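Listing of structure-v1.csv; format and content: CSV, C-alpha atoms.
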chain,number,residue,atom,x,y,z
P,1257,MET,CA,25.7,-8.4,12.1
P,1258,SER,CA,22.4,-7.0,13.5
P,1259,ALA,CA,19.2,-9.0,13.3
P,1260,ILE,CA,17.6,-6.4,10.9
P,1261,LYS,CA,20.6,-6.6,8.6
P,1262,LEU,CA,20.3,-10.4,8.6
P,1263,ILE,CA,16.6,-10.1,7.6
P,1264,GLU,CA,17.6,-7.8,4.8
P,1265,LEU,CA,20.1,-10.4,3.6
P,1266,LEU,CA,17.4,-13.0,3.7
P,1267,GLY,CA,15.3,-10.7,1.6
P,1268,MET,CA,18.0,-10.0,-0.9
P,1269,ASP,CA,19.1,-13.6,-1.4
P,1270,GLY,CA,16.2,-15.9,-2.3
P,1271,GLU,CA,18.3,-19.0,-1.8
P,1272,LEU,CA,19.3,-18.0,1.7
P,1273,THR,CA,17.0,-19.4,4.3
P,1274,LEU,CA,16.8,-19.1,8.1
P,1275,ASP,CA,18.1,-22.6,8.5
P,1276,LYS,CA,21.3,-21.7,6.6
P,1277,LEU,CA,22.2,-19.0,9.1
P,1278,SER,CA,24.5,-19.9,11.9
P,1279,PRO,CA,22.7,-20.8,15.2
P,1280,ALA,CA,23.7,-17.5,16.7
P,1281,ASP,CA,22.4,-15.4,13.8
P,1282,ARG,CA,19.2,-17.5,13.5
P,1283,ALA,CA,18.6,-16.9,17.2
P,1284,LEU,CA,19.1,-13.2,16.7
P,1285,VAL,CA,16.5,-13.1,13.9
P,1286,ILE,CA,13.9,-15.2,15.7
P,1287,LYS,CA,14.3,-13.0,18.8
P,1288,LEU,CA,13.7,-9.8,16.9
P,1289,MET,CA,10.7,-11.2,15.1
P,1290,GLY,CA,9.2,-12.2,18.4
P,1291,GLU,CA,9.8,-8.8,20.0
P,1292,LYS,CA,8.3,-6.9,17.1
P,1293,GLU,CA,5.3,-9.1,16.8
P,1294,GLU,CA,4.4,-8.1,20.4
P,1295,GLU,CA,5.2,-4.4,19.9
P,1296,ASP,CA,3.8,-3.7,16.5
P,1297,ASP,CA,0.2,-2.9,17.3
P,1298,GLU,CA,0.1,0.2,15.2
P,1299,VAL,CA,-2.1,1.0,12.3
P,1300,ALA,CA,-1.6,-1.0,9.2
P,1301,PRO,CA,0.5,1.5,7.2
P,1302,ASN,CA,-0.5,2.7,3.9
P,1303,MET,CA,-4.0,2.1,5.1
P,1304,SER,CA,-6.9,3.2,2.9
P,1305,GLN,CA,-5.5,6.6,1.9
P,1306,THR,CA,-8.0,6.4,-1.0
P,1307,ALA,CA,-10.8,8.2,-2.5
P,1308,SER,CA,-13.5,6.4,-0.5
P,1309,PHE,CA,-14.3,9.7,1.1
P,1310,ASP,CA,-13.6,12.1,-1.8
V,1144,MET,CA,21.1,45.4,-1.8
V,1145,ASN,CA,18.2,46.1,0.5
V,1146,THR,CA,16.7,43.8,3.1
V,1147,MET,CA,13.7,42.8,0.9
V,1148,THR,CA,16.0,41.7,-1.9
V,1149,ILE,CA,18.1,39.6,0.5
V,1150,LYS,CA,15.0,37.9,1.8
V,1151,GLN,CA,13.8,37.2,-1.8
V,1152,ASP,CA,17.1,35.8,-2.7
V,1153,SER,CA,17.1,33.6,0.3
V,1154,ALA,CA,13.7,32.3,-0.5
V,1155,THR,CA,14.7,31.5,-4.1
V,1156,ALA,CA,17.8,29.7,-2.9
V,1157,SER,CA,15.7,27.7,-0.5
V,1158,LYS,CA,13.3,26.7,-3.2
V,1159,ILE,CA,16.0,25.5,-5.4
V,1160,LYS,CA,17.5,23.4,-2.7
V,1161,GLY,CA,14.5,21.8,-1.1
V,1162,SER,CA,13.2,18.7,-2.8
V,1163,ILE,CA,11.2,15.5,-2.1
V,1164,VAL,CA,11.3,12.1,-3.6
V,1165,VAL,CA,8.6,9.6,-2.6
V,1166,VAL,CA,9.7,6.0,-2.6
V,1167,GLY,CA,8.4,2.5,-1.6
V,1168,PRO,CA,10.3,-0.3,-0.1
V,1169,GLY,CA,7.9,-2.9,-1.6
V,1170,ILE,CA,6.2,-5.5,0.5
V,1171,MET,CA,8.9,-7.9,1.5
V,1172,LEU,CA,11.5,-6.4,3.8
V,1173,GLY,CA,14.9,-6.1,2.0
V,1174,ALA,CA,13.7,-8.0,-1.1
V,1175,HIS,CA,11.6,-5.5,-3.1
V,1176,ILE,CA,13.3,-2.1,-2.9
V,1177,THR,CA,14.8,-0.8,-6.1
V,1178,PRO,CA,18.5,0.2,-6.1
V,1179,ARG,CA,17.4,3.7,-7.1
V,1180,SER,CA,15.0,4.1,-4.2
V,1181,ARG,CA,17.6,2.7,-1.8
V,1182,THR,CA,20.1,5.3,-3.0
V,1183,TYR,CA,17.6,8.1,-2.5
V,1184,ILE,CA,17.1,7.0,1.1
V,1185,GLU,CA,20.8,6.8,1.8
V,1186,LYS,CA,21.6,10.3,0.4
V,1187,ALA,CA,18.6,12.1,1.9
V,1188,ASP,CA,19.0,14.9,4.5
V,1189,LEU,CA,15.8,13.7,6.2
V,1190,VAL,CA,13.7,10.5,5.7
V,1191,PHE,CA,10.1,10.3,6.6
V,1192,TYR,CA,8.5,6.9,6.8
V,1193,CYS,CA,5.1,5.4,7.0
V,1194,CYS,CA,5.9,1.7,7.3
V,1195,PRO,CA,5.7,-1.3,9.7
V,1196,MET,CA,8.1,-1.2,12.6
V,1197,LEU,CA,10.6,-3.6,11.2
V,1198,VAL,CA,10.8,-1.7,8.0
V,1199,ARG,CA,11.3,1.5,9.9
V,1200,ASP,CA,14.2,-0.2,11.8
V,1201,TRP,CA,15.7,-1.3,8.5
V,1202,ILE,CA,15.4,2.1,6.9
V,1203,THR,CA,17.2,3.6,9.9
V,1204,THR,CA,20.2,1.4,9.1
V,1205,LEU,CA,20.3,3.0,5.6
V,1206,ASN,CA,19.9,6.6,7.0
V,1207,PRO,CA,19.7,7.5,10.7
V,1208,ASN,CA,17.9,10.8,10.0
V,1209,THR,CA,14.3,9.7,10.1
V,1210,ARG,CA,10.9,10.8,11.2
V,1211,ASN,CA,7.9,8.5,11.7
V,1212,LEU,CA,4.7,9.7,10.0
V,1213,GLY,CA,2.9,6.9,11.7
V,1214,GLU,CA,2.8,9.1,14.8
V,1215,TYR,CA,0.0,11.1,13.3
V,1216,TYR,CA,-2.4,8.2,13.3
V,1217,GLY,CA,-4.9,7.9,16.2
V,1218,ILE,CA,-7.6,5.3,17.0
V,1219,GLU,CA,-10.4,7.9,17.2
V,1220,LYS,CA,-8.8,10.4,14.8
V,1221,ASP,CA,-10.3,11.1,11.4
V,1222,ARG,CA,-7.7,9.8,8.9
V,1223,ARG,CA,-8.2,12.8,6.7
V,1224,ILE,CA,-6.7,14.9,9.4
V,1225,THR,CA,-3.8,12.5,9.7
V,1226,TYR,CA,-3.0,12.5,6.0
V,1227,ARG,CA,-3.1,16.3,5.9
V,1228,GLU,CA,-0.7,16.5,8.9
V,1229,MET,CA,1.6,14.1,7.1
V,1230,VAL,CA,1.7,16.3,4.0
V,1231,ASP,CA,2.3,19.4,6.1
V,1232,ALA,CA,5.2,17.8,8.0
V,1233,MET,CA,6.9,16.7,4.8
V,1234,LEU,CA,6.4,20.1,3.1
V,1235,ALA,CA,7.8,21.9,6.1
V,1236,ALA,CA,11.0,20.0,5.7
V,1237,VAL,CA,11.2,20.7,2.0
V,1238,ARG,CA,10.6,24.4,2.6
V,1239,ASP,CA,13.5,24.3,5.1
V,1240,GLY,CA,15.7,23.5,2.1
V,1241,LEU,CA,16.2,19.8,2.9
V,1242,LYS,CA,16.6,16.9,0.5
V,1243,VAL,CA,13.6,14.9,1.7
V,1244,VAL,CA,12.7,11.3,1.0
V,1245,ALA,CA,9.4,9.9,2.1
V,1246,VAL,CA,9.1,6.1,2.3
V,1247,PHE,CA,5.6,4.6,2.1
V,1248,TYR,CA,5.1,0.9,2.5
V,1249,GLY,CA,4.6,-1.1,-0.7
V,1250,HIS,CA,4.2,1.2,-3.8
V,1251,PRO,CA,4.1,4.8,-2.5
V,1252,GLY,CA,1.4,5.8,-5.0
V,1253,VAL,CA,-1.0,3.0,-4.2
V,1254,PHE,CA,-3.6,3.5,-1.5
V,1255,ALA,CA,-1.7,6.6,-0.4
V,1256,TRP,CA,-3.3,10.1,-0.6
V,1257,SER,CA,-0.5,11.9,1.2
V,1258,THR,CA,2.2,10.9,-1.3
V,1259,HIS,CA,0.4,12.3,-4.3
V,1260,LYS,CA,-0.7,15.4,-2.5
V,1261,VAL,CA,2.8,16.3,-1.2
V,1262,ILE,CA,4.2,16.0,-4.7
V,1263,GLU,CA,1.4,18.2,-6.1
V,1264,GLU,CA,1.9,20.9,-3.5
V,1265,ALA,CA,5.7,20.8,-3.5
V,1266,ARG,CA,5.7,21.3,-7.3
V,1267,ALA,CA,3.1,24.1,-7.0
V,1268,GLU,CA,5.5,25.9,-4.7
V,1269,GLY,CA,8.4,25.5,-7.1
V,1270,TYR,CA,10.2,22.5,-5.5
V,1271,THR,CA,11.5,19.5,-7.2
V,1272,ALA,CA,9.3,16.5,-6.4
V,1273,HIS,CA,8.7,13.1,-7.9
V,1274,MET,CA,7.7,9.5,-7.0
V,1275,GLU,CA,9.6,6.3,-7.6
V,1276,PRO,CA,7.5,3.1,-8.2
V,1277,GLY,CA,7.6,0.2,-5.7
V,1278,ILE,CA,6.3,-3.3,-5.7
V,1279,SER,CA,2.8,-3.2,-4.5
V,1280,ALA,CA,0.5,-5.9,-2.9
V,1281,ASP,CA,-1.2,-6.5,-6.3
V,1282,ALA,CA,2.1,-7.3,-7.9
V,1283,CYS,CA,2.7,-9.9,-5.1
V,1284,LEU,CA,-0.9,-11.2,-5.5
V,1285,TYR,CA,-0.5,-11.8,-9.2
V,1286,ALA,CA,2.7,-13.8,-8.6
V,1287,ASP,CA,1.6,-15.8,-5.6
V,1288,MET,CA,-1.9,-16.6,-6.8
V,1289,GLY,CA,-0.9,-17.2,-10.5
V,1290,ILE,CA,-3.3,-14.6,-11.8
V,1291,ASP,CA,-2.6,-12.8,-15.0
V,1292,PRO,CA,-4.8,-9.7,-14.8
V,1293,ALA,CA,-4.9,-9.5,-18.6
V,1294,ARG,CA,-6.3,-13.0,-19.1
V,1295,TYR,CA,-9.9,-12.3,-18.0
V,1296,GLY,CA,-9.5,-8.6,-17.0
V,1297,CYS,CA,-9.3,-7.4,-13.5
V,1298,GLN,CA,-11.3,-4.8,-11.6
V,1299,SER,CA,-9.7,-3.3,-8.5
V,1300,TYR,CA,-11.4,-1.2,-5.8
V,1301,GLU,CA,-10.9,-0.1,-2.3
V,1302,THR,CA,-13.7,-2.0,-0.6
V,1303,SER,CA,-15.5,0.9,1.1
V,1304,GLN,CA,-15.4,3.0,-2.0
V,1305,PHE,CA,-16.8,0.1,-3.9
V,1306,MET,CA,-19.7,0.0,-1.5
V,1307,PHE,CA,-20.3,3.7,-1.4
V,1308,TYR,CA,-20.6,4.3,-5.1
V,1309,GLN,CA,-22.7,2.5,-7.8
V,1310,ARG,CA,-20.3,0.3,-9.7
V,1311,LYS,CA,-20.9,-2.0,-12.7
V,1312,ILE,CA,-19.4,-5.3,-11.7
V,1313,ASP,CA,-18.2,-7.5,-14.5
V,1314,PRO,CA,-18.5,-11.1,-13.3
V,1315,THR,CA,-16.4,-12.4,-16.2
V,1316,ALA,CA,-13.3,-10.6,-14.9
V,1317,TYR,CA,-11.5,-10.9,-11.5
V,1318,LEU,CA,-12.6,-8.5,-8.8
V,1319,LEU,CA,-10.1,-7.4,-6.2
V,1320,LEU,CA,-11.4,-5.6,-3.1
V,1321,TRP,CA,-8.6,-4.0,-1.1
V,1322,GLN,CA,-8.7,-3.6,2.7
V,1323,PRO,CA,-12.0,-5.5,3.1
V,1324,ALA,CA,-11.3,-5.4,6.9
V,1325,HIS,CA,-12.6,-1.8,6.7
V,1326,ALA,CA,-15.6,-2.7,4.5
V,1327,GLY,CA,-18.3,0.0,4.9
V,1328,ASP,CA,-16.3,2.2,7.2
V,1329,THR,CA,-18.1,5.6,7.0
V,1330,GLN,CA,-16.4,7.0,10.0
V,1331,ILE,CA,-12.9,7.2,8.4
V,1332,LYS,CA,-11.5,6.0,11.7
V,1333,ASN,CA,-8.8,3.4,12.2
V,1334,GLN,CA,-11.0,0.5,13.3
V,1335,PRO,CA,-12.0,-2.7,11.6
V,1336,SER,CA,-15.6,-2.9,10.4
V,1337,THR,CA,-18.2,-5.1,12.1
V,1338,PRO,CA,-19.7,-8.3,10.8
V,1339,ALA,CA,-22.9,-6.4,10.1
V,1340,GLN,CA,-21.1,-3.9,7.9
V,1341,ARG,CA,-19.3,-6.8,6.1
V,1342,GLN,CA,-22.7,-8.5,5.6
V,1343,VAL,CA,-23.8,-5.4,3.6
V,1344,LEU,CA,-20.9,-6.1,1.3
V,1345,VAL,CA,-21.8,-9.8,1.0
V,1346,ASP,CA,-25.4,-8.8,0.1
V,1347,LEU,CA,-24.1,-6.4,-2.5
V,1348,LEU,CA,-21.8,-9.0,-4.1
V,1349,CYS,CA,-24.5,-11.6,-4.0
V,1350,GLU,CA,-26.6,-9.5,-6.4
V,1351,THR,CA,-23.9,-10.5,-9.0
V,1352,TYR,CA,-22.3,-13.7,-7.7
V,1353,PRO,CA,-23.7,-17.0,-6.3
V,1354,ALA,CA,-23.6,-17.1,-2.5
V,1355,GLU,CA,-21.5,-20.2,-2.7
V,1356,HIS,CA,-19.0,-18.7,-5.2
V,1357,GLN,CA,-15.4,-19.5,-3.9
V,1358,VAL,CA,-13.4,-16.3,-3.1
V,1359,ALA,CA,-10.1,-15.9,-1.3
V,1360,LEU,CA,-8.4,-13.6,1.2
V,1361,TYR,CA,-4.8,-13.0,0.3
V,1362,LYS,CA,-1.9,-11.6,2.3
V,1363,ALA,CA,1.5,-11.1,0.8
V,1364,PRO,CA,4.5,-12.3,2.7
V,1365,PHE,CA,6.1,-9.4,4.7
V,1366,LEU,CA,9.3,-11.1,5.9
V,1367,PRO,CA,11.5,-13.3,3.7
V,1368,MET,CA,10.7,-16.2,6.1
V,1369,ASP,CA,6.9,-15.8,5.5
V,1370,LYS,CA,4.8,-17.6,3.0
V,1371,PRO,CA,1.8,-16.1,1.1
V,1372,SER,CA,-1.5,-16.5,2.9
V,1373,ILE,CA,-4.4,-17.6,0.7
V,1374,ARG,CA,-7.7,-18.6,2.4
V,1375,TRP,CA,-10.5,-19.9,0.2
V,1376,PHE,CA,-14.2,-19.8,1.4
V,1377,ALA,CA,-17.7,-19.3,0.1
V,1378,LEU,CA,-18.7,-15.7,-0.5
V,1379,GLN,CA,-21.6,-16.0,1.9
V,1380,ASP,CA,-19.3,-16.8,4.8
V,1381,PHE,CA,-17.2,-13.5,4.4
V,1382,ALA,CA,-19.0,-11.6,7.2
V,1383,SER,CA,-18.2,-14.2,9.8
V,1384,ILE,CA,-14.5,-14.7,9.0
V,1385,ASP,CA,-11.8,-12.9,11.0
V,1386,ILE,CA,-9.8,-10.7,8.6
V,1387,ASP,CA,-6.3,-9.4,8.9
V,1388,LEU,CA,-6.1,-5.6,8.2
V,1389,VAL,CA,-3.8,-6.1,5.2
V,1390,GLU,CA,-5.7,-9.0,3.5
V,1391,THR,CA,-7.3,-8.5,0.1
V,1392,LEU,CA,-10.5,-10.1,-1.1
V,1393,VAL,CA,-10.0,-11.9,-4.4
V,1394,ILE,CA,-13.2,-12.8,-6.4
V,1395,PRO,CA,-12.5,-14.9,-9.4
V,1396,PRO,CA,-14.7,-14.7,-12.5
V,1397,ALA,CA,-18.1,-16.4,-12.1
V,1398,GLN,CA,-19.2,-16.3,-15.8
V,1399,LYS,CA,-17.6,-16.8,-19.2
V,1400,MET,CA,-16.7,-13.9,-21.3
V,1401,GLN,CA,-19.3,-13.2,-24.0
V,1402,PHE,CA,-18.2,-12.4,-27.5
V,1403,ASN,CA,-19.2,-8.9,-28.7
V,1404,GLN,CA,-20.4,-10.1,-32.1
V,1405,SER,CA,-21.4,-6.6,-33.4
V,1406,ILE,CA,-18.0,-5.2,-32.8
V,1407,MET,CA,-16.3,-8.3,-34.3
V,1408,ASN,CA,-18.5,-7.9,-37.4
V,1409,LYS,CA,-17.4,-4.3,-37.8
V,1410,LEU,CA,-13.7,-5.3,-37.4
V,1411,HIS,CA,-14.0,-8.1,-39.9
V,1412,ALA,CA,-15.7,-5.7,-42.3
V,1413,LEU,CA,-12.6,-3.4,-42.0
V,1414,ASN,CA,-10.4,-6.3,-43.0
V,1415,GLN,CA,-12.3,-7.1,-46.2

What does this structure look like when you write it as structure tokens?
Amino acid sequence: MSAIKLIELLGMDGELTLDKLSPADRALVIKLMGEKEEEDDEVAPNMSQTASFD
Amino acid sequence: MNTMTIKQDSATASKIKGSIVVVGPGIMLGAHITPRSRTYIEKADLVFYCCPMLVRDWITTLNPNTRNLGEYYGIEKDRRITYREMVDAMLAAVRDGLKVVAVFYGHPGVFAWSTHKVIEEARAEGYTAHMEPGISADACLYADMGIDPARYGCQSYETSQFMFYQRKIDPTAYLLLWQPAHAGDTQIKNQPSTPAQRQVLVDLLCETYPAEHQVALYKAPFLPMDKPSIRWFALQDFASIDIDLVETLVIPPAQKMQFNQSIMNKLHALNQ
């Protein structure tokens, strides 16, 4: 299973935690989180599309 | 049948076919999306998204036909132009007769101009368009901070709008200021505000609240492994604190609610 699908599973099941994943799956998730943290330097989405300028 | 009739029929058919549904994945990846929104995404011809990178990756696993609306943002670009371009891109796909779904992070109708606008304009052109609700940051805030907005009341403003317009603050109710990292942003650019701009907000709030009033910056957990972030500090220190772009300023009530005796007398009189 891909790392993003593993994160989805963690999101869907509140009793499933990172430490309950197999070592291989846990490593996949941690690796993806690390990579995205470095890459995701974009705008905060949904940012201030409000009436402050109306 | 002449050429003009054929063209008109084609246009009519296209209008019937094209549609847009605007959905939100909620705040926590994988945890908050509704079954209905998920199905809309899976069945769409084309999915637009305006979401953090991991959410985009996840949505692509649900439907590989995606376009990133985040590409329209620019550091020095007026966000009003960005939002208009987003609407135009989504509408163009609807006019092409596609079953379009737009995914905007959190609740798609909260802090999102483009989503309401695209629905308004698509409907005006005769297309089917609607929004599905999603879990927004305020829903997470109430849960994580144990706040019932009905207990003392709750005022909620985008921070810059709160500063630009004359508001009547009720210090007996909660005050939520969204996106305080952009406090006083008159440029509508995509940059955080300066400590000096945030000090203007502090001065404004100190007209109503004591400078030492304890306030909090809240950030909802984005990943299932994350915990809510709640940072308490004195209001007077707000300008000097580093703020995350997605944090919310929570100002608890500073005064007790005052009974409205004249209204109560009128109501009691009605009961007699």

Given the choices P:Leu1277, P:Leu1288, P:Met1257, P:Leu1266, which gets closest to chain V if the distance is worked out from all atoms listed in the file?
->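 When distances to chain V are compared using all atoms listed in the file, the smallest one comes from P:Leu1266.
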
Might you pull out every residue within 12 Å of segment 1278-1281 of chain P, with only C-alpha atoms counted and same-chain residues fewer than 6 positions away left off, and present them as a PyMOL selection string?
-> chain P and resi 1257-1263+1265-1266+1272+1287-1288

Could you write those residues out with C-alpha atoms, as a PDB file, keeping the file's coordinate frame?
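Everything below was put into out.pdb:
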ATOM      1  CA  MET P1257      25.700  -8.400  12.100  1.00  0.00           C
ATOM      2  CA  SER P1258      22.400  -7.000  13.500  1.00  0.00           C
ATOM      3  CA  ALA P1259      19.200  -9.000  13.300  1.00  0.00           C
ATOM      4  CA  ILE P1260      17.600  -6.400  10.900  1.00  0.00           C
ATOM      5  CA  LYS P1261      20.600  -6.600   8.600  1.00  0.00           C
ATOM      6  CA  LEU P1262      20.300 -10.400   8.600  1.00  0.00           C
ATOM      7  CA  ILE P1263      16.600 -10.100   7.600  1.00  0.00           C
ATOM      8  CA  LEU P1265      20.100 -10.400   3.600  1.00  0.00           C
ATOM      9  CA  LEU P1266      17.400 -13.000   3.700  1.00  0.00           C
ATOM     10  CA  LEU P1272      19.300 -18.000   1.700  1.00  0.00           C
ATOM     11  CA  LYS P1287      14.300 -13.000  18.800  1.00  0.00           C
ATOM     12  CA  LEU P1288      13.700  -9.800  16.900  1.00  0.00           C
TER      13      LEU P1288
END

Check every residue of chain V for an atom within 9 Å of chain P, counting all atoms listed in the file, and provide those that qualify as a VMD selection string.
-> chain V and resid 1171 to 1175 1193 to 1198 1200 to 1201 1204 1213 1216 to 1218 1222 to 1223 1226 1247 to 1249 1251 1253 to 1257 1301 to 1308 1321 to 1322 1325 1329 1331 1333 to 1334 1366 to 1368 1388 to 1389

Measure the distance from atom CA of Val1345 of chain V to atom CA of Ser1299 of chain V in Å and round it to one decimal.
->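 Distance between the two atoms: 16.7 Å.
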
Contact residues around Arg1266 of chain V with only C-alpha atoms at 12 Å, ignoring same-chain residues under 6 positions, as a list in words = Lys1158, Ile1159, Gly1161, Ser1162, Ile1163, Val1164, Leu1234, Val1237, Arg1238, His1259, Lys1260, Ala1272, His1273 and Met1274 of chain V

May I have the protein, DNA and RNA residues with an atom at most 12 Å from (2.8, -12.1, 1.3), counting only C-alpha atoms in the file's coordinates, returned as a ChimeraX atom specification?
-> /V:1169-1172,1174-1175,1249,1278-1288,1360-1373,1389-1391

Can you spit out the residues from that selection as a PDB file, keeping the file's coordinate frame, using C-alpha atoms?
ATOM      1  CA  GLY V1169       7.900  -2.900  -1.600  1.00  0.00           C
ATOM      2  CA  ILE V1170       6.200  -5.500   0.500  1.00  0.00           C
ATOM      3  CA  MET V1171       8.900  -7.900   1.500  1.00  0.00           C
ATOM      4  CA  LEU V1172      11.500  -6.400   3.800  1.00  0.00           C
ATOM      5  CA  ALA V1174      13.700  -8.000  -1.100  1.00  0.00           C
ATOM      6  CA  HIS V1175      11.600  -5.500  -3.100  1.00  0.00           C
ATOM      7  CA  GLY V1249       4.600  -1.100  -0.700  1.00  0.00           C
ATOM      8  CA  ILE V1278       6.300  -3.300  -5.700  1.00  0.00           C
ATOM      9  CA  SER V1279       2.800  -3.200  -4.500  1.00  0.00           C
ATOM     10  CA  ALA V1280       0.500  -5.900  -2.900  1.00  0.00           C
ATOM     11  CA  ASP V1281      -1.200  -6.500  -6.300  1.00  0.00           C
ATOM     12  CA  ALA V1282       2.100  -7.300  -7.900  1.00  0.00           C
ATOM     13  CA  CYS V1283       2.700  -9.900  -5.100  1.00  0.00           C
ATOM     14  CA  LEU V1284      -0.900 -11.200  -5.500  1.00  0.00           C
ATOM     15  CA  TYR V1285      -0.500 -11.800  -9.200  1.00  0.00           C
ATOM     16  CA  ALA V1286       2.700 -13.800  -8.600  1.00  0.00           C
ATOM     17  CA  ASP V1287       1.600 -15.800  -5.600  1.00  0.00           C
ATOM     18  CA  MET V1288      -1.900 -16.600  -6.800  1.00  0.00           C
ATOM     19  CA  LEU V1360      -8.400 -13.600   1.200  1.00  0.00           C
ATOM     20  CA  TYR V1361      -4.800 -13.000   0.300  1.00  0.00           C
ATOM     21  CA  LYS V1362      -1.900 -11.600   2.300  1.00  0.00           C
ATOM     22  CA  ALA V1363       1.500 -11.100   0.800  1.00  0.00           C
ATOM     23  CA  PRO V1364       4.500 -12.300   2.700  1.00  0.00           C
ATOM     24  CA  PHE V1365       6.100  -9.400   4.700  1.00  0.00           C
ATOM     25  CA  LEU V1366       9.300 -11.100   5.900  1.00  0.00           C
ATOM     26  CA  PRO V1367      11.500 -13.300   3.700  1.00  0.00           C
ATOM     27  CA  MET V1368      10.700 -16.200   6.100  1.00  0.00           C
ATOM     28  CA  ASP V1369       6.900 -15.800   5.500  1.00  0.00           C
ATOM     29  CA  LYS V1370       4.800 -17.600   3.000  1.00  0.00           C
ATOM     30  CA  PRO V1371       1.800 -16.100   1.100  1.00  0.00           C
ATOM     31  CA  SER V1372      -1.500 -16.500   2.900  1.00  0.00           C
ATOM     32  CA  ILE V1373      -4.400 -17.600   0.700  1.00  0.00           C
ATOM     33  CA  VAL V1389      -3.800  -6.100   5.200  1.00  0.00           C
ATOM     34  CA  GLU V1390      -5.700  -9.000   3.500  1.00  0.00           C
ATOM     35  CA  THR V1391      -7.300  -8.500   0.100  1.00  0.00           C
TER      36      THR V1391
END

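Here atom CA of Leu1378 of chain V stands at a distance of 29.0 Å from atom CA of Asn1403 of chain V.
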
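The space separating atom CA of Leu1241 of chain V from atom CA of Lys1186 of chain V comes to 11.2 Å.
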
Could you give me, as a list of chain:residue names, the residues that sit within 10 Å of (-18.4, -15.2, 9.7) in the file's coordinates, counting all atoms listed in the file?
-> V:Pro1338, V:Ala1339, V:Arg1341, V:Gln1342, V:Gln1379, V:Asp1380, V:Phe1381, V:Ala1382, V:Ser1383, V:Ile1384, V:Asp1385, V:Ile1386
